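Novice: Next comes the structure file entry33.cif, holding mmCIF, C-alpha atoms and all ligand atoms.
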```cif
data_my_file
loop_
_atom_site.label_atom_id
_atom_site.label_comp_id
_atom_site.auth_asym_id
_atom_site.auth_seq_id
_atom_site.Cartn_x
_atom_site.Cartn_y
_atom_site.Cartn_z
CA MET A 49 0.50 -16.70 -9.34
CA ILE A 50 0.40 -12.91 -9.64
CA LYS A 51 2.20 -11.89 -12.82
CA HIS A 52 1.17 -8.28 -13.29
CA HIS A 53 2.54 -5.61 -11.00
CA PRO A 54 2.53 -1.81 -10.89
CA LYS A 55 5.55 -0.22 -12.55
CA LEU A 56 8.20 1.38 -10.43
CA GLU A 57 7.14 4.93 -11.37
CA LEU A 58 3.68 4.15 -10.09
CA LEU A 59 5.00 2.69 -6.85
CA GLN A 60 7.15 5.79 -6.40
CA SER A 61 4.17 8.13 -6.90
CA PHE A 62 2.20 5.95 -4.51
CA VAL A 63 4.86 6.32 -1.85
CA ASP A 64 5.08 10.06 -2.50
CA GLY A 65 1.33 10.37 -1.98
CA ASP A 66 0.90 11.88 -5.43
CA LEU A 67 -1.64 9.47 -6.93
CA PRO A 68 -5.39 9.97 -6.85
CA ALA A 69 -7.10 7.91 -4.13
CA SER A 70 -8.47 5.49 -6.74
CA LEU A 71 -5.05 4.44 -8.04
CA ALA A 72 -3.40 4.60 -4.63
CA ALA A 73 -6.05 2.23 -3.28
CA GLY A 74 -5.44 -0.12 -6.22
CA ILE A 75 -1.75 -0.28 -5.43
CA ALA A 76 -2.43 -0.75 -1.72
CA ILE A 77 -4.73 -3.69 -2.45
CA HIS A 78 -2.19 -5.23 -4.80
CA ALA A 79 0.62 -4.81 -2.27
CA ASP A 80 -1.49 -6.55 0.36
CA MET A 81 -1.52 -9.57 -1.92
CA CYS A 82 2.00 -9.22 -3.35
CA ALA A 83 4.94 -9.57 -0.99
CA PHE A 84 7.38 -8.35 -3.66
CA CYS A 85 5.67 -5.03 -4.22
CA GLN A 86 5.05 -4.69 -0.50
CA GLN A 87 8.77 -4.97 0.02
CA LYS A 88 9.58 -2.49 -2.74
CA ILE A 89 7.13 -0.02 -1.28
CA GLY A 90 8.75 -0.42 2.12
CA HIS A 91 12.12 0.25 0.57
CA LEU A 92 10.96 3.29 -1.40
CA THR A 93 9.19 4.71 1.63
CA GLU A 94 12.31 4.37 3.69
CA GLN A 95 14.34 6.16 1.02
CA VAL A 96 11.97 9.04 0.52
CA ALA A 97 11.58 9.46 4.28
CA GLU A 98 15.32 9.59 4.71
CA ALA A 99 15.67 12.10 1.88
CA SER A 100 12.83 14.24 3.26
CA PHE A 101 14.28 14.61 6.70
CA GLU A 102 18.00 14.63 6.13
CA GLN A 103 18.25 18.26 4.99
CA ASP A 104 20.37 20.07 7.45
CA LEU A 105 18.13 22.61 9.04
CA SER A 106 19.14 23.82 12.41
CA PRO A 107 16.04 24.11 14.58
CA LYS A 108 16.74 27.71 15.46
CA SER A 109 17.03 29.09 11.96
CA ALA A 110 13.96 27.12 10.98
CA VAL A 111 11.89 28.61 13.75
CA ILE A 112 12.89 32.05 12.55
CA ASP A 113 12.07 30.92 9.04
CA ILE A 114 8.52 30.20 10.19
CA SER A 115 7.61 33.74 11.08
CA PRO A 116 4.59 34.63 13.23
CA GLU A 117 2.47 35.77 10.32
CA ILE A 118 2.90 32.39 8.61
CA SER A 119 1.40 30.46 11.42
CA ALA A 120 -0.96 31.94 13.94
CA MET A 121 0.95 30.13 16.65
CA SER A 122 4.61 29.86 17.44
CA PHE A 123 6.14 26.41 17.57
CA ASP A 124 6.23 26.61 21.35
CA GLU A 125 2.53 27.27 21.45
CA ILE A 126 1.84 24.38 19.13
CA ILE A 127 3.93 22.10 21.32
CA ASP A 128 2.05 23.26 24.41
CA GLN A 129 -1.27 22.70 22.76
CA ILE A 130 -0.42 19.23 21.47
CA THR A 131 1.13 17.98 24.69
CA ALA A 132 -1.80 19.29 26.73
CA SER A 133 -3.86 16.47 25.29
CA ASN A 134 -3.91 13.12 27.02
CA ASP A 135 -5.56 11.37 24.11
CA VAL A 136 -3.81 8.23 23.03
CA GLU A 137 -4.63 6.30 19.91
CA PRO A 138 -5.99 2.82 20.70
CA ALA A 139 -3.39 0.22 19.84
CA ALA A 140 -5.47 -2.14 17.78
CA VAL A 141 -8.59 -1.17 15.97
CA VAL A 142 -10.58 -4.14 14.82
CA HIS A 143 -12.51 -3.36 11.70
CA GLU A 144 -15.64 -5.13 10.73
CA GLU A 145 -15.43 -6.78 7.37
CA ARG A 146 -17.43 -5.14 4.65
CA LEU A 147 -19.24 -7.54 2.38
CA ILE A 148 -20.72 -7.06 -1.04
CA THR A 149 -22.96 -9.40 -2.99
CA PHE A 150 -23.25 -9.61 -6.76
CA LYS A 151 -25.69 -12.07 -8.27
CA GLY A 152 -25.79 -14.14 -5.11
CA MET A 153 -21.99 -14.32 -4.81
CA GLU A 154 -20.70 -12.75 -1.63
CA TYR A 155 -17.29 -11.08 -1.43
CA THR A 156 -15.32 -9.49 1.39
CA LEU A 157 -14.08 -6.08 0.31
CA PRO A 158 -10.37 -5.33 0.80
CA ASN A 159 -9.79 -3.24 3.93
CA THR A 160 -8.50 -0.42 1.76
CA LEU A 161 -12.00 0.09 0.39
CA ARG A 162 -13.92 -0.21 3.62
CA ASN A 163 -14.67 3.49 4.07
CA MET A 164 -15.35 4.39 0.47
CA GLU A 165 -18.80 5.54 -0.49
CA LEU A 166 -20.41 2.84 -2.60
CA GLY A 167 -23.14 3.58 -5.15
CA LYS A 168 -25.99 1.29 -6.09
CA THR A 169 -25.30 -1.80 -8.14
CA ALA A 170 -26.35 -1.65 -11.78
CA GLN A 171 -26.51 -4.61 -14.15
CA ILE A 172 -26.36 -5.40 -17.83
CA GLY A 173 -26.46 -9.10 -18.60
CA LYS A 174 -23.63 -10.82 -16.78
CA LEU A 175 -21.96 -7.54 -15.86
CA SER A 176 -22.70 -5.83 -12.58
CA ARG A 177 -20.98 -2.77 -11.30
CA ALA A 178 -21.05 -0.59 -8.23
CA ARG A 179 -19.45 2.81 -8.41
CA LEU A 180 -17.07 3.97 -5.72
CA ASN A 181 -17.82 7.65 -5.34
CA LEU A 182 -14.41 9.17 -4.86
CA GLY A 183 -15.17 12.55 -6.40
CA GLU A 184 -12.22 12.44 -8.79
CA GLY A 185 -13.88 14.01 -11.81
CA GLU A 186 -13.15 12.16 -15.03
CA ILE A 187 -11.51 9.29 -13.16
CA HIS A 188 -14.14 6.66 -12.46
CA THR A 189 -13.72 3.85 -10.00
CA ASN A 190 -15.91 0.78 -9.88
CA LEU A 191 -16.31 -2.68 -8.54
CA LEU A 192 -17.06 -4.75 -11.57
CA HIS A 193 -18.44 -8.23 -11.32
CA ILE A 194 -18.52 -10.52 -14.33
CA GLY A 195 -20.78 -13.52 -13.85
CA PRO A 196 -19.70 -17.06 -14.85
CA GLY A 197 -19.28 -17.33 -18.62
CA GLY A 198 -19.37 -13.56 -19.01
CA SER A 199 -17.01 -11.28 -20.87
CA ILE A 200 -16.41 -7.67 -21.76
CA PRO A 201 -16.64 -6.95 -25.50
CA GLU A 202 -13.34 -6.12 -27.17
CA HIS A 203 -12.41 -2.54 -26.57
CA THR A 204 -9.60 -0.03 -26.45
CA HIS A 205 -9.18 2.93 -24.19
CA LYS A 206 -8.97 6.60 -24.80
CA GLY A 207 -7.20 7.06 -21.53
CA PHE A 208 -5.86 4.59 -19.02
CA GLU A 209 -7.65 1.69 -17.46
CA LEU A 210 -6.64 -0.22 -14.38
CA THR A 211 -8.18 -3.60 -13.76
CA LEU A 212 -7.22 -5.17 -10.47
CA LEU A 213 -8.56 -8.65 -10.06
CA LEU A 214 -9.89 -9.06 -6.51
CA ALA A 215 -11.38 -12.54 -6.73
CA GLY A 216 -11.83 -15.26 -9.31
CA THR A 217 -9.97 -15.45 -12.61
CA PHE A 218 -10.33 -14.18 -16.13
CA ALA A 219 -8.45 -14.57 -19.38
CA ASP A 220 -7.76 -12.55 -22.50
CA GLU A 221 -5.40 -12.86 -25.46
CA GLN A 222 -2.47 -12.30 -23.12
CA GLY A 223 -3.36 -15.23 -20.92
CA GLU A 224 -4.91 -16.03 -17.58
CA TYR A 225 -5.19 -13.58 -14.69
CA VAL A 226 -5.55 -14.33 -11.01
CA ALA A 227 -6.54 -12.41 -7.88
CA GLY A 228 -4.00 -9.67 -7.21
CA ASP A 229 -3.03 -9.15 -10.85
CA PHE A 230 -2.66 -5.43 -11.49
CA ILE A 231 -3.39 -4.75 -15.15
CA MET A 232 -2.75 -1.24 -16.34
CA LEU A 233 -3.70 -0.61 -19.94
CA ASP A 234 -3.46 2.50 -22.02
CA LYS A 235 -4.89 3.44 -25.37
CA ARG A 236 -2.47 1.25 -27.29
CA HIS A 237 -3.91 -1.92 -25.85
CA GLN A 238 -6.97 -3.89 -26.65
CA HIS A 239 -8.39 -6.57 -24.51
CA GLN A 240 -11.40 -8.75 -24.13
CA PRO A 241 -11.49 -10.36 -20.73
CA ALA A 242 -13.70 -13.40 -20.28
CA THR A 243 -14.31 -15.39 -17.16
CA GLU A 244 -15.33 -18.99 -16.80
CA HIS A 245 -16.39 -19.04 -13.17
CA GLY A 246 -16.98 -15.36 -12.55
CA CYS A 247 -14.74 -12.70 -11.07
CA LEU A 248 -14.71 -9.46 -9.16
CA CYS A 249 -12.51 -6.57 -10.30
CA TYR A 250 -11.60 -3.15 -9.00
CA THR A 251 -11.43 -0.85 -11.99
CA VAL A 252 -10.18 2.69 -12.46
CA ALA A 253 -10.39 4.47 -15.78
CA ASN A 254 -10.19 8.06 -16.87
CA ASP A 255 -12.31 7.84 -19.95
CA ALA A 256 -15.06 5.74 -21.45
CA LEU A 257 -14.03 2.67 -23.37
CA HIS A 258 -13.98 2.61 -27.09
CA PHE A 259 -15.37 -0.55 -28.61
CA THR A 260 -13.60 -1.74 -31.68
CA GLN A 261 -15.52 -4.51 -33.36
CA GLY A 262 -18.61 -4.44 -35.59
CA ILE A 263 -21.65 -5.02 -33.50
CA ASN A 264 -19.81 -4.03 -30.39
CA LYS A 265 -19.75 -0.46 -31.59
CA LEU A 266 -23.46 -0.51 -30.88
CA LEU A 267 -22.61 -1.49 -27.35
CA ASN A 268 -20.65 1.67 -26.74
CA PRO A 269 -23.00 2.66 -23.93
CA ILE A 270 -21.55 -0.33 -22.11
CA GLY A 271 -18.26 1.52 -22.00
CA ALA A 272 -19.80 4.23 -19.91
CA PHE A 273 -21.50 1.56 -17.88
CA ILE A 274 -18.43 -0.43 -17.02
CA TYR A 275 -15.92 2.29 -16.37
CA MET B 4 13.17 6.54 -18.50
CA GLN B 5 11.49 3.24 -19.18
CA LEU B 6 11.42 1.03 -16.17
CA VAL B 7 9.86 -2.36 -16.22
CA HIS B 8 8.89 -4.21 -13.10
CA SER B 9 11.07 -7.20 -13.76
CA GLU B 10 14.13 -5.10 -14.39
CA LEU B 11 14.06 -3.23 -11.12
CA PRO B 12 17.33 -3.24 -9.33
CA SER B 13 16.75 -5.37 -6.30
CA HIS B 14 17.92 -3.97 -3.03
CA ARG B 15 20.96 -5.35 -1.35
CA THR B 16 20.39 -8.80 0.01
CA ASP B 17 22.44 -10.26 2.75
CA ALA B 18 22.94 -13.89 2.01
CA THR B 19 22.80 -14.85 5.64
CA SER B 20 19.63 -12.97 6.42
CA SER B 21 16.20 -14.42 6.03
CA ILE B 22 14.43 -13.44 2.84
CA MET B 23 11.58 -12.33 5.06
CA THR B 24 13.61 -9.82 6.99
CA TYR B 25 13.52 -6.49 5.35
CA ALA B 26 16.77 -4.67 5.92
CA THR B 27 15.47 -1.44 7.38
CA SER B 28 18.89 -0.17 8.19
CA SER B 29 20.31 -0.25 4.69
CA ASN B 30 21.08 3.00 2.94
CA MET B 31 20.79 5.08 6.07
CA THR B 32 22.88 8.18 6.00
CA ASN B 33 24.87 9.33 8.96
CA LYS B 34 23.18 12.68 8.97
CA ILE B 35 20.18 11.56 10.95
CA ASP B 36 20.65 10.25 14.46
CA HIS B 37 18.16 7.40 14.23
CA PRO B 38 18.76 5.85 17.66
CA GLN B 39 18.21 9.26 19.25
CA LEU B 40 14.92 9.76 17.39
CA CYS B 41 13.77 6.30 18.48
CA GLN B 42 14.73 7.07 22.06
CA TRP B 43 12.71 10.27 22.04
CA LEU B 44 9.67 8.52 20.59
CA LYS B 45 9.95 5.89 23.29
CA SER B 46 10.08 8.57 25.98
CA ILE B 47 6.98 10.15 24.52
CA ALA B 48 5.19 6.82 24.45
CA VAL B 49 6.21 5.65 27.89
CA ASP B 50 6.59 8.84 29.93
CA ARG B 51 4.54 11.34 27.91
CA ASP B 52 7.81 13.25 27.99
CA LYS B 53 7.23 16.79 26.79
CA GLN B 54 10.93 17.55 26.51
CA ALA B 55 11.43 14.57 24.20
CA PHE B 56 8.45 15.73 22.17
CA THR B 57 9.97 19.19 21.90
CA GLU B 58 13.16 17.61 20.52
CA VAL B 59 11.22 15.54 18.00
CA PHE B 60 9.17 18.57 17.09
CA SER B 61 12.26 20.70 16.55
CA PHE B 62 13.77 18.07 14.31
CA PHE B 63 10.73 17.36 12.14
CA ALA B 64 8.43 20.40 12.19
CA PRO B 65 10.51 22.80 10.07
CA LYS B 66 11.14 20.09 7.48
CA ILE B 67 7.51 19.04 7.40
CA LYS B 68 6.53 22.65 6.98
CA ARG B 69 8.88 23.09 4.05
CA ILE B 70 7.77 19.87 2.33
CA ALA B 71 4.07 20.60 2.88
CA GLN B 72 4.47 24.11 1.59
CA SER B 73 6.00 22.88 -1.65
CA LYS B 74 3.18 20.38 -2.09
CA ILE B 75 0.19 22.44 -1.09
CA ASN B 76 1.45 25.88 -1.92
CA SER B 77 -0.24 27.46 1.05
CA GLU B 78 1.55 28.51 4.20
CA ALA B 79 -1.54 28.29 6.35
CA LEU B 80 -2.29 24.75 5.21
CA ALA B 81 1.34 23.76 5.58
CA ALA B 82 1.09 24.87 9.19
CA GLU B 83 -1.97 22.66 9.51
CA VAL B 84 0.02 19.70 8.20
CA VAL B 85 2.71 20.37 10.81
CA GLN B 86 0.15 20.53 13.61
CA ASP B 87 -1.77 17.44 12.51
CA THR B 88 1.35 15.40 11.89
CA MET B 89 2.99 16.29 15.18
CA SER B 90 -0.22 15.81 17.10
CA ASN B 91 -0.43 12.30 15.60
CA VAL B 92 3.14 11.68 16.71
CA TRP B 93 2.15 12.63 20.25
CA ARG B 94 -0.95 10.44 20.26
CA LYS B 95 0.51 7.46 18.42
CA ALA B 96 4.08 7.28 19.68
CA HIS B 97 3.30 4.00 21.47
CA LEU B 98 2.43 2.47 18.10
CA PHE B 99 5.91 3.14 16.77
CA ASP B 100 7.98 -0.03 16.70
CA ASP B 101 11.63 0.55 15.93
CA SER B 102 12.12 -3.09 15.00
CA LYS B 103 9.85 -2.48 12.01
CA GLY B 104 11.45 0.61 10.59
CA ALA B 105 13.09 3.95 11.14
CA ALA B 106 11.46 6.81 13.03
CA THR B 107 11.85 8.93 9.90
CA THR B 108 9.82 6.40 7.90
CA TRP B 109 7.12 6.38 10.55
CA VAL B 110 6.84 10.17 10.74
CA TYR B 111 7.00 10.39 6.94
CA THR B 112 4.02 8.04 6.69
CA ILE B 113 2.01 10.20 9.09
CA MET B 114 2.96 13.38 7.23
CA ARG B 115 2.19 11.89 3.83
CA ASN B 116 -1.20 10.66 5.07
CA VAL B 117 -2.16 13.97 6.66
CA THR B 118 -1.16 15.81 3.48
CA PHE B 119 -3.05 13.37 1.28
CA ASP B 120 -6.28 13.78 3.24
CA LEU B 121 -5.93 17.54 3.24
CA LEU B 122 -5.33 17.70 -0.52
CA ARG B 123 -8.27 15.41 -1.09
CA LYS B 124 -10.46 17.68 0.98
CA MET B 125 -9.39 20.57 -1.23
CA LYS B 126 -9.46 18.89 -4.64
CA ALA B 127 -12.21 16.29 -4.40
CA ASN B 128 -14.14 18.07 -1.67
CA LYS B 129 -14.17 14.78 0.22
CA GLU B 130 -13.62 14.42 3.93
CA ASP B 131 -13.43 10.65 3.86
CA ASN B 132 -9.87 10.54 5.23
CA LEU B 133 -8.91 7.49 3.23
CA SER B 134 -5.19 7.74 3.81
CA ASP B 135 -5.09 5.44 6.80
CA ASP B 136 -6.93 2.78 4.80
CA ILE B 137 -4.51 3.17 1.89
CA TRP B 138 -1.35 3.42 4.01
CA PRO B 139 -2.25 1.85 7.36
CA LEU B 140 0.21 3.21 9.89
CA ALA B 141 0.38 0.18 12.13
CA GLU B 142 0.85 -2.14 9.18
CA SER B 143 2.69 0.06 6.75
CA LEU B 144 6.06 -1.50 7.35
CA ASN B 145 7.09 -4.91 6.32
CA THR B 146 7.08 -7.74 8.68
CA GLU B 147 6.49 -11.28 7.76
CA GLU B 148 3.25 -11.43 9.67
CA GLU B 149 1.77 -8.34 8.12
CA VAL B 150 2.70 -9.19 4.59
CA PHE B 151 0.79 -12.40 4.80
CA SER B 152 -2.01 -11.62 7.19
CA ASP B 153 -4.33 -10.60 4.40
CA HIS B 154 -4.16 -13.86 2.62
CA ILE B 155 -7.43 -15.03 3.98
CA GLN B 156 -7.12 -18.54 2.70
CA SER B 157 -3.60 -18.73 4.00
CA ARG B 158 -4.41 -17.97 7.59
CA ASN B 159 -4.70 -21.55 8.81
CA LEU B 160 -1.74 -22.63 6.79
CA GLN B 161 0.31 -19.76 8.17
CA GLY B 162 -0.21 -21.00 11.73
CA ILE B 163 0.94 -24.46 10.81
CA ILE B 164 3.93 -23.20 8.84
CA ASP B 165 4.99 -21.23 11.89
CA THR B 166 5.51 -24.51 13.73
CA LEU B 167 8.16 -25.62 11.21
CA PRO B 168 11.88 -25.19 11.89
CA GLU B 169 13.12 -21.77 10.80
CA ASN B 170 15.11 -22.95 7.78
CA GLN B 171 12.13 -24.88 6.43
CA GLN B 172 9.82 -21.94 7.04
CA GLN B 173 11.99 -19.72 4.85
CA VAL B 174 11.77 -22.08 1.95
CA VAL B 175 8.07 -22.79 2.28
CA LYS B 176 7.17 -19.13 2.59
CA GLY B 177 9.36 -18.12 -0.30
CA PHE B 178 7.94 -20.84 -2.46
CA TYR B 179 4.24 -20.53 -1.65
CA PHE B 180 3.67 -17.00 -0.46
CA MET B 181 6.26 -15.09 -2.43
CA GLU B 182 5.90 -17.41 -5.37
CA MET B 183 9.59 -17.76 -5.97
CA SER B 184 10.89 -20.71 -7.90
CA GLN B 185 13.21 -23.18 -6.20
CA GLU B 186 16.02 -21.81 -8.36
CA GLN B 187 15.25 -18.23 -7.29
CA LEU B 188 15.18 -19.31 -3.67
CA ALA B 189 18.54 -21.01 -4.02
CA VAL B 190 20.05 -17.76 -5.29
CA HIS B 191 18.21 -15.64 -2.77
CA LEU B 192 19.19 -17.72 0.22
CA ASP B 193 22.59 -18.54 -1.19
CA LEU B 194 22.05 -22.26 -0.76
CA PRO B 195 22.53 -25.17 -3.13
CA LEU B 196 19.43 -26.06 -5.10
CA GLY B 197 19.52 -29.54 -3.57
CA THR B 198 19.24 -28.08 -0.08
CA ILE B 199 16.22 -26.01 -1.09
CA LYS B 200 14.59 -29.07 -2.59
CA SER B 201 15.20 -31.28 0.39
CA ARG B 202 14.02 -28.63 2.85
CA LEU B 203 10.89 -28.09 0.84
CA ARG B 204 10.27 -31.84 0.71
CA LEU B 205 10.75 -32.19 4.44
CA ALA B 206 8.50 -29.23 5.17
CA LEU B 207 5.76 -30.44 2.86
CA GLY B 208 5.81 -33.84 4.49
CA LYS B 209 5.19 -32.22 7.85
CA LEU B 210 2.55 -29.87 6.49
CA LYS B 211 0.62 -32.71 4.89
CA LEU B 212 0.64 -34.56 8.15
CA LYS B 213 -0.75 -31.57 10.01
CA LEU B 214 -3.24 -30.47 7.41
CA GLY B 215 -4.63 -33.90 6.81
CA ASP B 216 -4.84 -35.79 3.56
CA HIS B 217 -7.60 -33.76 1.94
CA HIS B 218 -5.09 -31.00 1.27
CA ASP B 219 -2.50 -31.70 -1.33
ZN ZN A 301 3.40 -6.87 -7.15
#
```
Output the file's structure as structure tokens, nothing else.
Specialist:
Amino acid sequence: MIKHHPKLELLQSFVDGDLPASLAAGIAIHADMCAFCQQKIGHLTEQVAEASFEQDLSPKSAVIDISPEISAMSFDEIIDQITASNDVEPAAVVHEERLITFKGMEYTLPNTLRNMELGKTAQIGKLSRARLNLGEGEIHTNLLHIGPGGSIPEHTHKGFELTLLLAGTFADEQGEYVAGDFIMLDKRHQHQPATEHGCLCYTVANDALHFTQGINKLLNPIGAFIY
Amino acid sequence: MQLVHSELPSHRTDATSSIMTYATSSNMTNKIDHPQLCQWLKSIAVDRDKQAFTEVFSFFAPKIKRIAQSKINSEALAAEVVQDTMSNVWRKAHLFDDSKGAATTWVYTIMRNVTFDLLRKMKANKEDNLSDDIWPLAESLNTEEEVFSDHIQSRNLQGIIDTLPENQQQVVKGFYFMEMSQEQLAVHLDLPLGTIKSRLRLALGKLKLKLGDHHD
């Protein structure tokens, strides 16, 4: 059962279109698996849409408001141009499933990720990751696979870290996590996820991890590797 | 303001309505003539009605322009958002389904997506147009089918559940897909706990029969 959901503020920013693609995609994937958040998003979208379009603007004054030097074309010209086209969007587009394999385990990627540019897979021990090249600067997005019996050394975060479990399960001090769990951590948290049978995660983080325990400090390069 | 997921105010629930039916008409103001907007979109879809499109354009375009301008801070790009959004409305009007949500919600989704892709082009220098993958237009509104269609493992089960009587479907879907407890379902559906339990038992008996014994 999914226990971890995005907070309302995050859902609101998602609906407003104000999140970076990496986080927006994470919420979209979660909502595909979580009927509750899906419903909330529907509700928020309806509200913001209503609020956006209820301002009382009479068409005439608005057209004057949009003066010729603002737009190269008048509204009438735009209407003519648009309606001159007979193009109609096909009703149903069937998308091919995009698969990814880590260590011989094959996964179907969520539809949300199907057009994202995927980097090569790199591996350290039981960890494999493939970067999703979204061009968001210090925000890094990855598919992270942890093989059976694997774990991530205990660490904290300088920034935020989203771990969205796509398949399999893992556990940390807080308990067990299942596919769909949306785990947003910030620098106050520490965690050490371990997986018995292996799992695939979608991760977004805005800074390298900071490893907290003895020998793990030596593993700091792993932070840059994972996130 | 500290808001925690579990403390969110839940939207109004009508005790008689199915938990699966999302009340799209709640909280609508009187300021927007929703039936009229729907009618225009239908005329565009069915008759390629330019006059109807002009009406829709006159209603939305100035508002879209204003919103886009405040987000992008460029009048030229705001004009681009208006053009792209309205051109999508023209090309996709047949995909609008008024049983799934308001016309304003549908146009908002298009506008938000166009703006998102444009901002991404500017900020991340990416032309990957991800918005339709993140907020799929055809599936962006809640219907029972769409909410659950991505549960790959649930696909077979879904078909079988659909053959159950309506009142048993509600309980099974709430319990398994929405992961509500029997107590939560009782409150949500405004039914005695005993009724929930007996419906669930009945439904499970039928499901077991249809799925075969290897499923439990
Ligand atoms: Zn959720």
Novice: With only C-alpha atoms and all ligand atoms as the basis for distance, which of A:Gln95, A:Gln86, A:Thr160, A:Gln240 is at the shortest distance from ligand ZN 301 (chain A)?
Specialist: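 For ligand ZN 301 (chain A), the nearest of the candidates is A:Gln86.
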Novice: Would you pick out the contacts of Glu102 in chain A at 9 Å or less, using only C-alpha atoms, so that residues sharing its chain but fewer than 5 positions from it are not included, and give the list as a list in words?
Specialist: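 Result of the neighbour search: Ala97 of chain A; Thr32, Lys34, Ile35 and Lys66 of chain B.
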Novice: Go ahead and save the residues from that selection, with C-alpha atoms, as a compact mmCIF listing (two decimals), keeping the file's coordinate frame.
Specialist:
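Wrote part-v2.txt, looks like this:
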```txt
# COMPACT_ATOMS: atom_id res chain seq x y z
CA ALA A 97 11.58 9.46 4.28
CA THR B 32 22.88 8.18 6.00
CA LYS B 34 23.18 12.68 8.97
CA ILE B 35 20.18 11.56 10.95
CA LYS B 66 11.14 20.09 7.48
```
Novice: Any residue with an atom at most 9 Å from ligand ZN 301 (chain A) counts, using only C-alpha atoms and all ligand atoms. Which are they? Put them as an MDAnalysis selection string.
Specialist: (chainID A and resid 50:55 75 78:86 88 228:230) or (chainID B and resid 8)
Novice: What's the 9 Å shell around Ala215 in chain A, counting all atoms listed in the file, without same-chain residues fewer than 3 positions away, as JSON, numbers by chain?
Specialist: {"A": [155, 226, 227, 228, 246, 247, 248, 249]}
Novice: Deliver the residues from the most recent selection as a file, using C-alpha atoms, as a compact mmCIF listing (two decimals), in the frame of the given file.
Specialist:
```txt
# COMPACT_ATOMS: atom_id res chain seq x y z
CA TYR A 155 -17.29 -11.08 -1.43
CA VAL A 226 -5.55 -14.33 -11.01
CA ALA A 227 -6.54 -12.41 -7.88
CA GLY A 228 -4.00 -9.67 -7.21
CA GLY A 246 -16.98 -15.36 -12.55
CA CYS A 247 -14.74 -12.70 -11.07
CA LEU A 248 -14.71 -9.46 -9.16
CA CYS A 249 -12.51 -6.57 -10.30
```
Novice: Return as a compact mmCIF listing (two decimals) with C-alpha atoms, in the frame of the given file the residues belonging to chain A that are within 8 Å of chain B, counting only C-alpha atoms.
Specialist:
```txt
# COMPACT_ATOMS: atom_id res chain seq x y z
CA MET A 49 0.50 -16.70 -9.34
CA HIS A 53 2.54 -5.61 -11.00
CA PRO A 54 2.53 -1.81 -10.89
CA LYS A 55 5.55 -0.22 -12.55
CA LEU A 56 8.20 1.38 -10.43
CA GLU A 57 7.14 4.93 -11.37
CA ASP A 64 5.08 10.06 -2.50
CA GLY A 65 1.33 10.37 -1.98
CA ASP A 66 0.90 11.88 -5.43
CA ALA A 69 -7.10 7.91 -4.13
CA ALA A 72 -3.40 4.60 -4.63
CA ALA A 73 -6.05 2.23 -3.28
CA ALA A 76 -2.43 -0.75 -1.72
CA ASP A 80 -1.49 -6.55 0.36
CA MET A 81 -1.52 -9.57 -1.92
CA CYS A 82 2.00 -9.22 -3.35
CA ALA A 83 4.94 -9.57 -0.99
CA PHE A 84 7.38 -8.35 -3.66
CA GLN A 86 5.05 -4.69 -0.50
CA GLN A 87 8.77 -4.97 0.02
CA GLY A 90 8.75 -0.42 2.12
CA HIS A 91 12.12 0.25 0.57
CA THR A 93 9.19 4.71 1.63
CA GLU A 94 12.31 4.37 3.69
CA GLN A 95 14.34 6.16 1.02
CA ALA A 97 11.58 9.46 4.28
CA GLU A 98 15.32 9.59 4.71
CA SER A 100 12.83 14.24 3.26
CA PHE A 101 14.28 14.61 6.70
CA GLU A 102 18.00 14.63 6.13
CA GLN A 103 18.25 18.26 4.99
CA LEU A 105 18.13 22.61 9.04
CA PRO A 107 16.04 24.11 14.58
CA ALA A 110 13.96 27.12 10.98
CA VAL A 111 11.89 28.61 13.75
CA ILE A 114 8.52 30.20 10.19
CA ILE A 118 2.90 32.39 8.61
CA SER A 119 1.40 30.46 11.42
CA ILE A 126 1.84 24.38 19.13
CA ILE A 127 3.93 22.10 21.32
CA ILE A 130 -0.42 19.23 21.47
CA THR A 131 1.13 17.98 24.69
CA ASN A 134 -3.91 13.12 27.02
CA ASP A 135 -5.56 11.37 24.11
CA VAL A 136 -3.81 8.23 23.03
CA GLU A 137 -4.63 6.30 19.91
CA ALA A 139 -3.39 0.22 19.84
CA ASN A 159 -9.79 -3.24 3.93
CA THR A 160 -8.50 -0.42 1.76
CA LEU A 161 -12.00 0.09 0.39
CA ARG A 162 -13.92 -0.21 3.62
CA ASN A 163 -14.67 3.49 4.07
CA MET A 164 -15.35 4.39 0.47
CA LEU A 182 -14.41 9.17 -4.86
CA GLY A 183 -15.17 12.55 -6.40
CA GLU A 184 -12.22 12.44 -8.79
CA GLY A 185 -13.88 14.01 -11.81
```
Novice: Could you tell me how far CA of Asp193 in chain B lies from CA of Leu167 in chain B, in Å and to one decimal?
Specialist: 20.3 Å
Novice: Take CA of Ala253 in chain A and CA of Leu192 in chain A and report the distance between them in Å, one decimal.
Specialist: 12.1 Å
Novice: One decimal, in Å: what's the spacing between CA of Ala55 in chain B and CA of Trp43 in chain B?
Specialist: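 That distance, rounded to one decimal, is 5.0 Å.
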Novice: Counting only C-alpha atoms, I want the residues whose atoms come within 12 Å of (22.6, -23.7, 2.2) in the file frame, returned as an NGL selection string.
Specialist: :B and (18-21 or 170-171 or 173-174 or 188-202)
Novice: Have a look at B:Lys176, B:Met125, B:Val49, B:Asp100 and name the one nearest to Ile75 in chain B; count all atoms listed in the file.
Specialist: B:Met125
